[in-house]
Amino acid sequence: MTRFFQIVTLALGIVLWGGQASSQQAPSDEATLLAMHQEILDAHKNIGLEAWLAKGVDPFVSANRGVISYPTKEARTDMFRGYIGSTDFEYYRDMVPPVVKVSADGTLGWVIVQVEAKGVRAGQAFEFQSAWVELYEKQQGGWANVGNVSNFKE
């Protein structure tokens with residue numbers, strides 16, 4: 001009987017340990033991309049701005065207001081620091097749940113978002129809606145934001 005209880009205890013331990021290990025698995029690629037989008041929203045509220053900017057990569061491609069450009073990490077960092085530093089957002093948030101997709105081979109991903117913002121910049125109140133696609137590529141085992149296509153609602 002003792003042997004029976006040892007086997008049952010061992011089997012139960014393996015099941016419980018296996019369940020614990022699976023609950024600590026790495027987040028899915030979709031969850032990771034969604035978390036990266038949340039970092040962008042937070043950065044606009046000046047929460048974690050420097051950490052988010054440090055993750056920038058080159059090359060980067062941007063399509064915005066009818067123009068395709070290739071701003072360097074340094075140029076994007078300077079632009080965002082100036083923009084965020086001179087803007088006080090009342091809110092900067094998703095209007096609808098983001099659409100997150102990862103390619104079948106797991107090397108490319110994108111997040112399509114629609115946000116609304118309200119705040120003050122240079123003493124002027126503003127309010128806007130914008131939609132964009134964040135473009136991601138798997139690089140060295142992690143996701144890198146390699147591009148953005150955006151527009152503003154008029």
# chains A, B, ... in the order shown; residues from 1 in each chain; ligands from 1

call {"tool": "residues_around", "arguments": {"residues": "segment 97-111 of chain A", "least_positions_apart": "3", "cutoff": "8 Å", "atoms": "only C-alpha atoms", "output": "list of chain:residue names"}}
result
A:Asp29, A:Glu30, A:Leu33, A:Leu34, A:His37, A:Asp94, A:Gln114, A:Val133, A:Glu134, A:Leu135, A:Tyr136, A:Glu137, A:Lys138

call {"tool": "write_last_selection", "arguments": {"atoms": "N, CA and C atoms", "output": "compact mmCIF listing (two decimals), in the first residue's frame"}}
result
# COMPACT_ATOMS: atom_id res chain seq x y z
N ASP A 29 2.44 35.62 -28.93
CA ASP A 29 2.91 36.74 -29.75
C ASP A 29 1.87 37.84 -29.81
N GLU A 30 0.59 37.46 -29.93
CA GLU A 30 -0.47 38.46 -29.98
C GLU A 30 -0.51 39.28 -28.70
N LEU A 33 2.43 41.72 -28.66
CA LEU A 33 2.21 42.88 -29.52
C LEU A 33 1.18 43.83 -28.91
N LEU A 34 0.16 43.29 -28.28
CA LEU A 34 -0.83 44.12 -27.61
C LEU A 34 -0.20 44.89 -26.45
N HIS A 37 1.71 47.75 -27.86
CA HIS A 37 0.79 48.85 -28.19
C HIS A 37 0.44 49.64 -26.92
N ASP A 94 -7.51 53.87 -26.55
CA ASP A 94 -8.15 53.12 -27.63
C ASP A 94 -9.64 53.41 -27.63
N GLN A 114 -7.41 52.35 -33.28
CA GLN A 114 -8.14 53.61 -33.43
C GLN A 114 -8.15 54.25 -32.05
N VAL A 133 -1.61 51.58 -38.22
CA VAL A 133 -1.14 50.20 -38.22
C VAL A 133 0.29 50.22 -37.72
N GLU A 134 0.56 49.50 -36.65
CA GLU A 134 1.92 49.32 -36.15
C GLU A 134 2.47 48.06 -36.81
N LEU A 135 3.64 48.15 -37.40
CA LEU A 135 4.25 47.02 -38.10
C LEU A 135 5.39 46.44 -37.26
N TYR A 136 5.38 45.14 -37.08
CA TYR A 136 6.38 44.48 -36.24
C TYR A 136 7.06 43.34 -37.01
N GLU A 137 8.32 43.13 -36.64
CA GLU A 137 9.11 42.04 -37.22
C GLU A 137 9.84 41.34 -36.08
N LYS A 138 9.89 40.02 -36.14
CA LYS A 138 10.62 39.25 -35.12
C LYS A 138 12.10 39.38 -35.43

call {"tool": "residues_around", "arguments": {"residues": "Ile84 of chain A", "least_positions_apart": "2", "cutoff": "10 Å", "atoms": "only C-alpha atoms", "output": "ChimeraX atom specification"}}
result
/A:43-46,49,79-82,86-89,121

call {"tool": "closest_residue", "arguments": {"among": "A:Gly119, A:Gly147, A:Gly48, A:Gly141", "to": "Pro71 of chain A", "atoms": "only C-alpha atoms"}}
result
A:Gly147

call {"tool": "closest_residue", "arguments": {"among": "A:Arg93, A:Ala144, A:Gln129, A:Lys153", "to": "Pro59 of chain A", "atoms": "only C-alpha atoms"}}
result
A:Ala144

call {"tool": "closest_residue", "arguments": {"among": "A:Val57, A:Gly85, A:Lys118, A:Ala51", "to": "Gly142 of chain A", "atoms": "only C-alpha atoms"}}
result
A:Val57

call {"tool": "atom_distance", "arguments": {"atom1": "atom CA of Ala63 of chain A", "atom2": "atom CA of Asp42 of chain A"}}
result
22.2 Å

call {"tool": "closest_residue", "arguments": {"among": "A:Val149, A:Ala131, A:Glu154, A:Gln139", "to": "Val67 of chain A", "atoms": "only C-alpha atoms"}}
result
A:Val149
